[in-house]
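Student: Take a look at the following structure, please.
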Amino acid sequence: CSQEFSLTSVLGDQVLIRQWQIAGLPKDYFSVDNGVIVSNARRWALMIDPQGQASKWIKNMERKNKLIVIKYSDPGYLTYVQNAVQSGLPCLLENVGERLDPGLTSILLRQTFKQGGVDYIQIGENIIEYNS
């Protein structure tokens, strides 16, 4: 057991972390540790980002993958989320309040199921193909 534990030294990849920093992740230990957690988590991340730093980082990292940015306040935002999941595109849901729409629970928990060898997920009242 070491006296100075560092999440970054245990789970981090220095080359990947440097790429994150080039894409806009702040260089402080707290931000880097959060990036390591996000990249190693089994669930999708829910980030509290009052300064917009995480949003900027994700937008830069996922730009080449055709990131879809959706505002929680947009009417029909859940339809945009469903389309992103179905097409396998990354999406960033911004400006989420303190309460989440229960329709998002299955996405945050990655509650997929197989039927006929195909992965599906229920978003809201719709069951759609889950394209990972």
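By convention here, the chains of the structure tokens are called A, B, ... in the order presented, each chain's residues are numbered starting at 1, and ligands are numbered starting at 1 in the order presented.
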If we count only C-alpha atoms, what is near Leu109 of chain A at a cut-off of 9 Å, once residues fewer than 2 positions away on the same chain are taken out, given as a ChimeraX atom specification?

Tutor: /A:42-44,104-107,111-112

Student: Give me, as a ChimeraX atom specification, all polymer residues having an atom no more than 7 Å from Ile70 of chain A, counting only C-alpha atoms and skipping those fewer than 5 positions away in the same chain.

Tutor: /A:77,92-94

Student: Counting only C-alpha atoms, figure out which residue out of A:Gly12, A:Gly97, A:Gly52, A:Pro102 gets nearest to Tyr29 of chain A.

Tutor: A:Gly12

Student: Taking the DSSP secondary structure from the backbone, can you list the residues of chain A that are strand (DSSP E), as a VMD selection string?

Tutor: chain A and resid 68 to 71 91 to 94 112 to 115 118 to 123 126 to 129

Student: Per DSSP on the backbone, what are the helix (DSSP H, G or I) residues of chain A, as a PyMOL selection string?

Tutor: chain A and resi 7-11+14-22+29-40+53-65+77-87+102-108

Student: Rounded to one decimal place, report the atom CA of Gln86 of chain A-atom CA of Val118 of chain A distance in Å.

Tutor: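 So the two atoms, atom CA of Gln86 of chain A and atom CA of Val118 of chain A, lie 11.9 Å apart.
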
Student: For segment 56-69 of chain A, list every protein, DNA or RNA residue within 7 Å, evaluated using only C-alpha atoms, and leave out those in the same chain fewer than 5 positions away; present the list as a list of chain:residue names.

Tutor: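 The contact residues come out as A:Ala23, A:Gly24, A:Leu25, A:Leu89, A:Pro90, A:Cys91, A:Leu92, A:Leu93.
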
Student: One decimal, in Å: what's the spacing between atom CA of Gln21 of chain A and atom CA of Tyr72 of chain A?

Tutor: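 Calculated distance between atom CA of Gln21 of chain A and atom CA of Tyr72 of chain A is 26.9 Å.
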
Student: Name the residues in contact with Glu129 of chain A at a cut-off of 9 Å, using only C-alpha atoms, excluding same-chain residues fewer than 3 positions from it; report them as a PyMOL selection string.

Tutor: chain A and resi 85-87+118-122

Student: When you draw a straight line from atom CA of Gly117 of chain A to atom CA of Ser39 of chain A, how long is it in Å?

Tutor: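 Going from atom CA of Gly117 of chain A over to atom CA of Ser39 of chain A, I get 27.1 Å.
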
Student: Identify which of the residues A:Val96, A:Gly35, A:Met47, A:Asp28 lies closest to Leu16 of chain A, counting only C-alpha atoms when measuring atom-to-atom distances.

Tutor: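 Going through A:Val96, A:Gly35, A:Met47, A:Asp28 one by one, the smallest distance to Leu16 of chain A is for A:Gly35.
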
Student: Determine the nearest neighbour of Asn131 of chain A from the options A:Val38, A:Ile22, A:Leu108, A:Ala84, counting only C-alpha atoms.

Tutor: A:Ala84
